[in-house]
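Novice: My structure is in query_11.tsv, and what it holds is TSV, C-alpha atoms:
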chain	number	residue	atom	x	y	z
A	1	MET	CA	0.00	0.00	0.00
A	2	LYS	CA	1.51	3.26	-1.12
A	3	LYS	CA	-0.85	5.54	0.72
A	4	GLU	CA	-0.30	5.45	4.47
A	5	TRP	CA	-3.27	5.64	6.80
A	6	PRO	CA	-3.42	8.90	8.75
A	7	ILE	CA	-2.26	9.05	12.36
A	8	TRP	CA	-4.75	9.35	15.23
A	9	GLU	CA	-4.17	10.35	18.83
A	10	VAL	CA	-5.78	8.14	21.45
A	11	PHE	CA	-7.20	9.26	24.79
A	12	ILE	CA	-8.38	6.78	27.41
A	13	ARG	CA	-10.39	7.32	30.55
A	14	SER	CA	-9.41	4.69	33.07
A	15	LYS	CA	-12.49	5.01	35.28
A	16	ASN	CA	-15.52	7.14	35.97
A	17	GLY	CA	-14.72	10.52	37.42
A	18	LEU	CA	-11.23	10.64	35.96
A	19	GLU	CA	-10.32	12.55	32.83
A	20	HIS	CA	-9.35	11.12	29.45
A	21	ARG	CA	-5.59	10.91	29.15
A	22	HIS	CA	-3.42	10.80	26.10
A	23	VAL	CA	-1.97	7.31	25.82
A	24	GLY	CA	-0.42	7.22	22.37
A	25	SER	CA	-1.15	7.21	18.68
A	26	LEU	CA	-1.94	4.77	15.89
A	27	HIS	CA	-2.74	4.46	12.19
A	28	ALA	CA	-6.29	4.07	10.89
A	29	ALA	CA	-8.20	4.79	7.70
A	30	ASP	CA	-11.26	6.30	9.40
A	31	SER	CA	-12.61	7.16	12.83
A	32	LYS	CA	-14.39	3.83	13.31
A	33	MET	CA	-11.23	1.91	12.53
A	34	ALA	CA	-9.30	4.24	14.83
A	35	LEU	CA	-11.66	3.37	17.71
A	36	GLU	CA	-11.36	-0.35	16.98
A	37	ASN	CA	-7.59	-0.14	16.78
A	38	ALA	CA	-7.43	1.91	19.97
A	39	ARG	CA	-9.52	-0.70	21.74
A	40	ASP	CA	-7.25	-3.48	20.52
A	41	VAL	CA	-3.92	-1.74	21.05
A	42	TYR	CA	-4.51	0.31	24.20
A	43	THR	CA	-7.18	-1.41	26.32
A	44	ARG	CA	-6.03	-5.05	26.24
A	45	ARG	CA	-5.19	-4.99	29.93
A	46	SER	CA	-8.38	-3.31	31.12
A	47	GLU	CA	-6.88	0.16	30.94
A	48	GLY	CA	-10.08	1.94	30.17
A	49	ILE	CA	-13.81	2.43	30.08
A	50	SER	CA	-13.95	5.14	27.43
A	51	ILE	CA	-11.93	6.04	24.35
A	52	TRP	CA	-11.55	9.24	22.40
A	53	VAL	CA	-9.70	9.38	19.11
A	54	VAL	CA	-8.83	12.45	17.13
A	55	GLU	CA	-6.91	12.68	13.92
A	56	SER	CA	-3.50	14.13	14.72
A	57	LYS	CA	-3.76	16.81	12.05
A	58	HIS	CA	-6.62	18.42	13.99
A	59	ILE	CA	-4.40	19.11	16.97
A	60	THR	CA	-2.81	22.54	17.11
A	61	ALA	CA	0.42	22.32	19.05
A	62	SER	CA	2.55	25.03	20.59
A	63	ASN	CA	5.84	25.70	18.89
A	64	PRO	CA	8.79	24.33	20.90
A	65	GLU	CA	10.91	27.24	19.68
A	66	LYS	CA	8.55	29.60	21.42
A	67	SER	CA	8.71	27.80	24.74
A	68	GLY	CA	10.84	30.63	26.10
A	69	GLU	CA	8.24	33.31	25.71
A	70	LEU	CA	5.35	30.95	26.44
A	71	PHE	CA	6.53	29.27	29.61
A	72	GLU	CA	9.55	31.05	31.11
A	73	PRO	CA	7.65	34.09	32.40
A	74	ALA	CA	5.61	31.87	34.77
A	75	LYS	CA	8.70	30.52	36.48
A	76	ASP	CA	9.34	33.42	38.85
A	77	LYS	CA	5.70	34.01	39.77
A	78	VAL	CA	5.72	31.77	42.84
A	79	TYR	CA	2.89	33.82	44.33
A	80	ARG	CA	0.54	32.13	41.85
A	81	HIS	CA	0.89	28.93	43.88
A	82	PRO	CA	-1.41	28.84	46.90
A	83	THR	CA	1.50	28.16	49.23
A	84	PHE	CA	1.33	31.34	51.32
A	85	TYR	CA	-1.70	30.53	53.38
A	86	ASN	CA	-1.41	29.37	56.96
A	87	LEU	CA	-3.39	26.18	57.09
A	88	PRO	CA	-5.13	25.06	60.29
A	89	ASP	CA	-3.61	21.89	61.77
A	90	GLU	CA	-6.88	19.97	61.41
A	91	LEU	CA	-6.60	20.21	57.66
A	92	LYS	CA	-4.91	17.14	56.29
A	93	HIS	CA	-3.67	16.04	52.87
A	94	MET	CA	-2.85	19.47	51.51
B	95	MET	CA	-24.85	-39.41	28.21
B	96	GLN	CA	-21.68	-37.87	29.63
B	97	ASP	CA	-19.87	-38.98	26.51
B	98	LYS	CA	-22.42	-37.28	24.27
B	99	ILE	CA	-22.04	-33.95	26.03
B	100	TYR	CA	-18.28	-34.47	25.77
B	101	GLN	CA	-18.64	-34.93	21.99
B	102	TYR	CA	-20.86	-31.88	21.79
B	103	LEU	CA	-18.27	-29.77	23.64
B	104	LEU	CA	-15.64	-30.88	21.13
B	105	LEU	CA	-17.82	-29.65	18.29
B	106	THR	CA	-17.83	-26.14	19.73
B	107	GLY	CA	-14.40	-26.17	21.36
B	108	ASP	CA	-12.49	-27.45	18.33
B	109	ASN	CA	-13.81	-24.65	16.12
B	110	ALA	CA	-12.54	-22.09	18.60
B	111	MET	CA	-9.19	-23.83	18.97
B	112	ILE	CA	-8.38	-24.33	15.30
B	113	LEU	CA	-9.49	-20.84	14.29
B	114	GLY	CA	-7.57	-19.45	17.26
B	115	HIS	CA	-4.51	-21.28	16.02
B	116	ARG	CA	-4.91	-20.00	12.48
B	117	LEU	CA	-5.07	-16.44	13.81
B	118	SER	CA	-2.10	-17.02	16.09
B	119	GLU	CA	-0.02	-17.85	13.01
B	120	LEU	CA	-0.43	-14.18	12.05
B	121	CYS	CA	1.13	-12.94	15.29
B	122	GLY	CA	3.92	-10.65	14.18
B	123	HIS	CA	2.88	-11.02	10.53
B	124	GLY	CA	-0.29	-8.93	10.41
B	125	PRO	CA	-0.60	-6.33	7.65
B	126	SER	CA	-0.20	-3.50	10.17
B	127	LEU	CA	0.70	-3.29	13.84
B	128	GLU	CA	-2.91	-2.45	14.71
B	129	THR	CA	-4.53	-5.33	12.79
B	130	ASP	CA	-1.80	-7.68	14.01
B	131	ILE	CA	-2.76	-6.97	17.62
B	132	ALA	CA	-6.47	-7.06	16.82
B	133	LEU	CA	-6.25	-10.53	15.26
B	134	THR	CA	-4.06	-11.79	18.09
B	135	ASN	CA	-6.62	-10.50	20.60
B	136	ILE	CA	-9.33	-12.45	18.80
B	137	SER	CA	-7.09	-15.49	18.81
B	138	LEU	CA	-6.63	-15.20	22.57
B	139	ASP	CA	-10.37	-14.81	23.11
B	140	LEU	CA	-10.93	-18.02	21.17
B	141	PHE	CA	-8.25	-19.88	23.14
B	142	GLY	CA	-9.88	-18.72	26.36
B	143	GLN	CA	-13.19	-20.13	25.17
B	144	THR	CA	-11.49	-23.34	24.09
B	145	ARG	CA	-10.08	-23.78	27.58
B	146	ASN	CA	-13.51	-23.32	29.12
B	147	TYR	CA	-15.03	-25.96	26.87
B	148	PHE	CA	-12.18	-28.42	27.33
B	149	GLN	CA	-12.04	-28.04	31.10
B	150	LEU	CA	-15.73	-28.81	31.19
B	151	ALA	CA	-15.27	-31.69	28.74
B	152	GLY	CA	-12.34	-33.11	30.72
B	153	ALA	CA	-14.44	-33.28	33.86
B	154	LEU	CA	-16.86	-35.56	31.99
B	155	THR	CA	-14.22	-38.15	31.10
B	156	THR	CA	-13.78	-41.29	33.18
B	157	ASP	CA	-9.98	-41.02	33.07
B	158	ASN	CA	-10.05	-37.34	34.10
B	159	LYS	CA	-8.50	-35.86	30.96
B	160	SER	CA	-6.94	-32.43	31.30
B	161	GLU	CA	-7.64	-29.58	28.88
B	162	ASP	CA	-4.16	-30.16	27.42
B	163	ASP	CA	-4.87	-33.87	26.85
B	164	ILE	CA	-7.95	-32.94	24.89
B	165	ALA	CA	-6.30	-30.13	22.96
B	166	PHE	CA	-3.03	-31.82	22.09
B	167	LEU	CA	-3.31	-35.58	22.22
B	168	ARG	CA	-6.03	-36.52	19.78
B	169	MET	CA	-5.59	-37.85	16.25
B	170	ALA	CA	-6.71	-35.69	13.32
B	171	HIS	CA	-9.91	-37.68	12.77
B	172	ASP	CA	-10.93	-37.07	16.39
B	173	TYR	CA	-11.10	-33.31	15.86
B	174	ARG	CA	-14.62	-32.04	15.22
B	175	ASN	CA	-14.00	-28.55	13.83
B	176	VAL	CA	-15.62	-27.47	10.57
B	177	LEU	CA	-13.48	-27.31	7.44
B	178	LEU	CA	-13.90	-23.53	7.25
B	179	VAL	CA	-11.72	-22.76	10.27
B	180	GLU	CA	-8.77	-24.85	9.09
B	181	GLN	CA	-8.52	-23.02	5.75
B	182	PRO	CA	-5.14	-21.26	5.44
B	183	ASN	CA	-4.28	-17.57	5.81
B	184	LYS	CA	-3.85	-17.14	2.07
B	185	ASP	CA	-4.08	-13.36	2.27
B	186	PHE	CA	-5.80	-10.76	4.47
B	187	ALA	CA	-9.02	-11.11	2.46
B	188	HIS	CA	-9.17	-14.83	3.22
B	189	VAL	CA	-8.48	-14.17	6.90
B	190	ILE	CA	-11.27	-11.60	7.11
B	191	VAL	CA	-13.85	-13.56	5.10
B	192	ARG	CA	-13.16	-16.77	7.06
B	193	GLN	CA	-13.56	-14.79	10.26
B	194	PHE	CA	-16.73	-13.10	9.07
B	195	LEU	CA	-18.39	-16.34	7.97
B	196	PHE	CA	-17.51	-17.91	11.31
B	197	ASP	CA	-18.37	-14.95	13.58
B	198	SER	CA	-21.79	-14.57	11.94
B	199	PHE	CA	-22.52	-18.16	12.92
B	200	HIS	CA	-20.73	-18.03	16.27
B	201	ILE	CA	-22.85	-15.21	17.63
B	202	LEU	CA	-26.09	-17.01	16.74
B	203	LEU	CA	-24.81	-20.21	18.32
B	204	LEU	CA	-23.80	-18.50	21.56
B	205	LYS	CA	-27.08	-16.63	21.83
B	206	GLU	CA	-28.88	-19.99	21.69
B	207	LEU	CA	-26.49	-21.63	24.11
B	208	THR	CA	-27.10	-18.98	26.76
B	209	ASN	CA	-30.47	-20.73	27.13
B	210	SER	CA	-28.94	-24.19	27.45
B	211	ASN	CA	-30.28	-26.49	30.16
B	212	ASP	CA	-26.69	-27.19	31.04
B	213	GLN	CA	-25.82	-24.25	33.25
B	214	GLN	CA	-22.11	-24.48	32.70
B	215	ILE	CA	-22.52	-24.37	28.93
B	216	ALA	CA	-24.91	-21.44	29.32
B	217	ALA	CA	-22.35	-19.64	31.49
B	218	ILE	CA	-19.54	-20.12	28.97
B	219	ALA	CA	-21.81	-18.87	26.20
B	220	GLN	CA	-22.78	-15.82	28.23
B	221	LYS	CA	-19.15	-14.94	28.83
B	222	SER	CA	-18.08	-15.57	25.23
B	223	LEU	CA	-20.95	-13.62	23.72
B	224	LYS	CA	-19.43	-10.23	24.52
B	225	GLU	CA	-16.14	-11.23	22.95
B	226	VAL	CA	-17.77	-12.58	19.84
B	227	THR	CA	-20.01	-9.54	19.44
B	228	TYR	CA	-16.81	-7.57	19.03
B	229	HIS	CA	-15.28	-10.15	16.67
B	230	LEU	CA	-18.30	-9.90	14.39
B	231	ASP	CA	-18.18	-6.13	14.50
B	232	PHE	CA	-14.51	-6.18	13.59
B	233	SER	CA	-14.80	-8.67	10.73
B	234	SER	CA	-18.00	-7.10	9.31
B	235	GLU	CA	-16.39	-3.66	9.21
B	236	TRP	CA	-13.40	-5.06	7.38
B	237	VAL	CA	-15.59	-6.89	4.88
B	238	LYS	CA	-17.34	-3.62	4.07
B	239	ARG	CA	-14.17	-1.57	4.03
B	240	LEU	CA	-12.29	-3.89	1.68
B	241	GLY	CA	-15.28	-4.92	-0.44
B	242	ALA	CA	-16.21	-1.32	-1.15
B	243	GLY	CA	-12.58	-0.19	-1.13
B	244	THR	CA	-10.27	-0.15	-4.12
B	245	GLU	CA	-10.63	-2.24	-7.24
B	246	GLU	CA	-7.86	-4.52	-6.01
B	247	SER	CA	-9.26	-4.97	-2.50
B	248	HIS	CA	-12.70	-5.63	-3.97
B	249	GLN	CA	-11.33	-8.32	-6.27
B	250	LYS	CA	-9.38	-10.03	-3.49
B	251	MET	CA	-12.46	-10.05	-1.28
B	252	GLN	CA	-14.64	-11.43	-4.04
B	253	ASP	CA	-12.09	-14.19	-4.66
B	254	ALA	CA	-12.07	-15.03	-0.95
B	255	ILE	CA	-15.88	-15.10	-0.83
B	256	ASP	CA	-16.05	-17.34	-3.89
B	257	PHE	CA	-13.57	-19.72	-2.30
B	258	LEU	CA	-14.80	-19.76	1.31
B	259	TYR	CA	-18.56	-19.38	0.95
B	260	PRO	CA	-19.06	-23.08	0.10
B	261	TYR	CA	-17.54	-23.88	3.50
B	262	SER	CA	-20.27	-21.98	5.36
B	263	GLY	CA	-22.96	-24.66	5.01
B	264	GLU	CA	-21.24	-27.08	7.33
B	265	LEU	CA	-21.61	-24.68	10.25
B	266	LEU	CA	-25.38	-25.25	10.20
B	267	GLU	CA	-25.30	-28.92	9.36
B	268	GLU	CA	-26.84	-30.96	12.15
B	269	THR	CA	-24.93	-34.06	13.20
B	270	PRO	CA	-26.70	-36.80	15.22
B	271	ILE	CA	-25.04	-35.52	18.43
B	272	GLU	CA	-26.25	-31.99	17.77
B	273	LEU	CA	-29.76	-33.22	17.05
B	274	GLU	CA	-29.81	-35.14	20.31
B	275	MET	CA	-28.41	-32.23	22.32
B	276	LYS	CA	-31.00	-29.92	20.77
B	277	GLU	CA	-33.81	-32.27	21.74
B	278	MET	CA	-32.52	-32.40	25.29
B	279	GLY	CA	-32.44	-28.62	25.49
B	280	ILE	CA	-28.69	-28.60	25.96
B	281	GLY	CA	-27.57	-27.75	22.43
B	282	ALA	CA	-28.54	-25.19	19.84
B	283	ASP	CA	-31.00	-25.56	16.99
B	284	LEU	CA	-28.70	-25.24	13.98
B	285	PRO	CA	-31.20	-25.63	11.11
B	286	ALA	CA	-33.33	-22.89	12.68
B	287	MET	CA	-30.44	-20.43	12.44
B	288	LYS	CA	-30.06	-20.80	8.72
B	289	THR	CA	-32.34	-17.93	7.64
B	290	ASN	CA	-30.85	-15.48	10.14
B	291	TYR	CA	-27.35	-16.54	9.25
B	292	TYR	CA	-27.60	-16.07	5.51
B	293	ASN	CA	-29.74	-12.94	5.81
B	294	HIS	CA	-27.04	-11.32	7.87
B	295	ILE	CA	-24.23	-12.44	5.59
B	296	HIS	CA	-25.98	-11.34	2.43
B	297	GLN	CA	-26.84	-7.98	3.93
B	298	VAL	CA	-23.22	-7.25	4.85
B	299	LEU	CA	-21.98	-8.53	1.49
B	300	GLU	CA	-24.43	-6.26	-0.28
B	301	GLU	CA	-23.15	-3.26	1.67
B	302	ALA	CA	-19.67	-4.36	0.70
B	303	THR	CA	-20.72	-4.58	-2.98
B	304	LEU	CA	-19.74	-8.27	-2.91
B	305	VAL	CA	-21.77	-11.08	-4.43
B	306	PRO	CA	-22.23	-14.51	-2.85
B	307	PRO	CA	-21.44	-17.23	-5.38
B	308	GLU	CA	-24.33	-19.14	-6.85
B	309	THR	CA	-23.91	-22.51	-5.28
B	310	SER	CA	-26.18	-25.10	-3.80
B	311	TRP	CA	-23.27	-27.37	-3.01
B	312	PHE	CA	-21.43	-27.08	0.26
B	313	GLN	CA	-18.22	-28.56	1.57
B	314	SER	CA	-18.57	-30.74	4.63
B	315	GLY	CA	-16.75	-33.40	6.60
B	316	GLY	CA	-14.88	-31.74	9.48
B	317	LYS	CA	-17.63	-32.34	12.01
B	318	LYS	CA	-17.44	-36.05	11.24
B	319	GLY	CA	-13.66	-36.05	11.51
B	320	ILE	CA	-13.00	-36.02	7.77
B	321	HIS	CA	-10.64	-33.10	7.37
B	322	SER	CA	-8.76	-31.32	4.63
B	323	GLU	CA	-5.00	-31.83	4.36
B	324	HIS	CA	-4.54	-28.55	6.25
B	325	LEU	CA	-5.50	-29.94	9.64
B	326	GLY	CA	-2.60	-32.40	9.61
B	327	PHE	CA	-0.10	-29.57	9.22
B	328	ILE	CA	-1.83	-27.52	11.91
B	329	LEU	CA	-1.72	-30.43	14.35
B	330	ALA	CA	1.91	-31.21	13.56
B	331	GLU	CA	2.84	-27.75	14.80
B	332	LEU	CA	0.25	-27.58	17.55
B	333	GLN	CA	1.00	-30.99	19.06
B	334	TYR	CA	4.75	-31.13	18.62
B	335	MET	CA	5.71	-29.96	22.10
B	336	GLN	CA	3.27	-32.23	23.95
B	337	ARG	CA	4.25	-35.20	21.80
B	338	ALA	CA	8.00	-34.62	22.08
B	339	TYR	CA	7.94	-33.68	25.79
B	340	PRO	CA	4.85	-35.34	27.28
B	341	ASN	CA	3.19	-33.34	30.09
B	342	MET	CA	5.51	-30.42	29.61
B	343	ASN	CA	4.46	-27.16	31.17
B	344	TRP	CA	5.66	-23.59	31.34
Written as structure tokens, that's how I'd like the structure from this file.
Specialist:
Amino acid sequence: MKKEWPIWEVFIRSKNGLEHRHVGSLHAADSKMALENARDVYTRRSEGISIWVVESKHITASNPEKSGELFEPAKDKVYRHPTFYNLPDELKHM
Amino acid sequence: MQDKIYQYLLLTGDNAMILGHRLSELCGHGPSLETDIALTNISLDLFGQTRNYFQLAGALTTDNKSEDDIAFLRMAHDYRNVLLVEQPNKDFAHVIVRQFLFDSFHILLLKELTNSNDQQIAAIAQKSLKEVTYHLDFSSEWVKRLGAGTEESHQKMQDAIDFLYPYSGELLEETPIELEMKEMGIGADLPAMKTNYYNHIHQVLEEATLVPPETSWFQSGGKKGIHSEHLGFILAELQYMQRAYPNMNW
């Protein structure tokens, strides 16, 4: 086959209440095949209860070359973390 | 009586085992990573079902046969699988059409067996039904995709249909054991499935722009132990380890 199937990104939700997580990618000719393939490749060991697939070309990604201007400025803004509150002792697991 | 149920379990178990073996031959050789894993998953489902049937069958034997004894230590003419499932993996079209013709039958069989008087058989059928519902979905989609695909894929699928379709009749052929099991409420009513079976197949083939061959003649023999040459080669590979190293385990 000369023409390669397009690539799809696969997202799996492992259980109710949790979010879908990106688990990997695969090749498929259409969305139905992508779901079938995702089921067969990524949920063989009971990893999930729900699958999303999206063709990779529909994802808009940030440019790694711009990571400086995108992400560096947040690094010295520690006050954005809620770490400056005095927590009462009764409050656990924070 | 015990022996008849044993024979009946072989009729269902052997189909699952031999088709499972055929699919396992594709492990690492599938046309793409995704289909390779998909077919291997189906193979493993079928082996799981085989084990269930053979464990149950073993318990009915007077000499307490294990599932391995039943799977590996019979002669070719003691296997009861239909000829369809031993047909070789000639190309992907043959693999898919063989699977489709079998799955379409398998799902009807299991639906009937969930009502079996024998609760253990009913329980195995119940468990297997979910797996087989997916198998049928998978193979039907591929039949449609390839049948209505390119000119080449269409031709390969039509060739596979022409070759394998005559093997479908044996699935619904009623042997004396199956007749007896039906009358006792243990087994399925095969002749009654015929209309549903061919309606479903013809409907999918039509969607796939494929044409069933005009034939009134069907291959048969496997259920009576009269197999094609292919089974001998399958068993040679399948049985080698148990024959060379009796009772080996890992």
Novice: Give as a PyMOL selection string every residue of chain A that touches chain B within 8 Å, counting all atoms listed in the file.
Specialist: chain A and resi 26-27+36-37+40-41+44
Novice: Hey, can you check how far atom CA of Gly316 of chain B sits from atom CA of Leu104 of chain B?
Specialist: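 Taking atom CA of Gly316 of chain B as the start and atom CA of Leu104 of chain B as the end point, the length is 11.7 Å.
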Novice: Env of Tyr291 of chain B: 7 Å cut, atoms = only C-alpha atoms, seq-sep filter 4 positions within chain, self excluded. Answer as an MDAnalysis selection string.
Specialist: chainID B and resid 198:199 287 295
Novice: Determine the nearest neighbour of Phe257 of chain B from the options B:Ile201, B:Met169, B:Ile320, B:Leu178, counting all atoms listed in the file.
Specialist: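 Smallest separation from Phe257 of chain B among the options: B:Leu178.
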Novice: Ranking B:Asn146, B:Asn183, B:Gln220, B:Ser160 by minimum distance to Ile328 of chain B and counting only C-alpha atoms, which one comes first?
Specialist: B:Asn183
Novice: Given only C-alpha atoms as the basis, pick out the residue of B:Lys224, B:Pro260, B:Leu120, B:His115 nearest to Phe186 of chain B.
Specialist: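 Selected residue with least distance to Phe186 of chain B: B:Leu120.
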Novice: Quick check, in Å to one decimal: how far apart do atom CA of Ser67 of chain A and atom CA of Pro82 of chain A lie?
Specialist: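 It comes out at 24.4 Å.
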Novice: List as a PDB file with C-alpha atoms, in the coordinates of the input the protein and nucleic acid residues near Phe11 of chain A, meaning an atom at most 12 Å away when only C-alpha atoms are counted, but skip any in the same chain fewer than 4 places from it.
Specialist:
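This is the output file result_32.pdb:
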ATOM      1  CA  LEU A  18     -11.230  10.640  35.960  1.00  0.00           C
ATOM      2  CA  GLU A  19     -10.320  12.550  32.830  1.00  0.00           C
ATOM      3  CA  HIS A  20      -9.350  11.120  29.450  1.00  0.00           C
ATOM      4  CA  ARG A  21      -5.590  10.910  29.150  1.00  0.00           C
ATOM      5  CA  HIS A  22      -3.420  10.800  26.100  1.00  0.00           C
ATOM      6  CA  VAL A  23      -1.970   7.310  25.820  1.00  0.00           C
ATOM      7  CA  GLY A  24      -0.420   7.220  22.370  1.00  0.00           C
ATOM      8  CA  SER A  25      -1.150   7.210  18.680  1.00  0.00           C
ATOM      9  CA  LEU A  26      -1.940   4.770  15.890  1.00  0.00           C
ATOM     10  CA  ALA A  34      -9.300   4.240  14.830  1.00  0.00           C
ATOM     11  CA  LEU A  35     -11.660   3.370  17.710  1.00  0.00           C
ATOM     12  CA  ALA A  38      -7.430   1.910  19.970  1.00  0.00           C
ATOM     13  CA  ARG A  39      -9.520  -0.700  21.740  1.00  0.00           C
ATOM     14  CA  TYR A  42      -4.510   0.310  24.200  1.00  0.00           C
ATOM     15  CA  THR A  43      -7.180  -1.410  26.320  1.00  0.00           C
ATOM     16  CA  GLU A  47      -6.880   0.160  30.940  1.00  0.00           C
ATOM     17  CA  GLY A  48     -10.080   1.940  30.170  1.00  0.00           C
ATOM     18  CA  ILE A  49     -13.810   2.430  30.080  1.00  0.00           C
ATOM     19  CA  SER A  50     -13.950   5.140  27.430  1.00  0.00           C
ATOM     20  CA  ILE A  51     -11.930   6.040  24.350  1.00  0.00           C
ATOM     21  CA  TRP A  52     -11.550   9.240  22.400  1.00  0.00           C
ATOM     22  CA  VAL A  53      -9.700   9.380  19.110  1.00  0.00           C
ATOM     23  CA  VAL A  54      -8.830  12.450  17.130  1.00  0.00           C
ATOM     24  CA  GLU A  55      -6.910  12.680  13.920  1.00  0.00           C
ATOM     25  CA  SER A  56      -3.500  14.130  14.720  1.00  0.00           C
TER      26      SER A  56
END
Novice: Set the distance at 8 Å and use only C-alpha atoms: which residues neighbour Gly319 of chain B once local chain neighbours fewer than 2 positions away are removed? I'd like the list as a ChimeraX atom specification.
Specialist: /B:170-175,315-317,321
Novice: In Å to one decimal, how far is atom CA of Leu202 of chain B from atom CA of Gln214 of chain B?
Specialist: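 About the pair atom CA of Gln214 of chain B and atom CA of Leu202 of chain B: they are 18.1 Å apart.
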Novice: Can you pull out every residue within 12 Å of Lys221 of chain B, counting all atoms listed in the file, but drop anything in the same chain fewer than 2 positions away, and send it as a list in words?
Specialist: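 Neighbouring residues, sequence-local ones excluded: Asp139, Leu140, Gly142, Gln143, Asn146, Tyr147, Ile201, Leu204, Lys205, Leu207, Thr208, Gln214, Ile215, Ala216, Ala217, Ile218, Ala219, Leu223, Lys224, Glu225, Val226 and Thr227 of chain B.
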Novice: Name the closest residue to Leu265 of chain B among the candidates B:Val176, B:Ala338, B:Leu103, B:Leu329; distances are taken between atoms, counting all atoms listed in the file.
Specialist: B:Val176
Novice: What's the 12 Å shell around Glu246 of chain B, counting all atoms listed in the file, without same-chain residues fewer than 6 positions away, as a ChimeraX atom specification?
Specialist: /A:1 /B:187,240,252-253
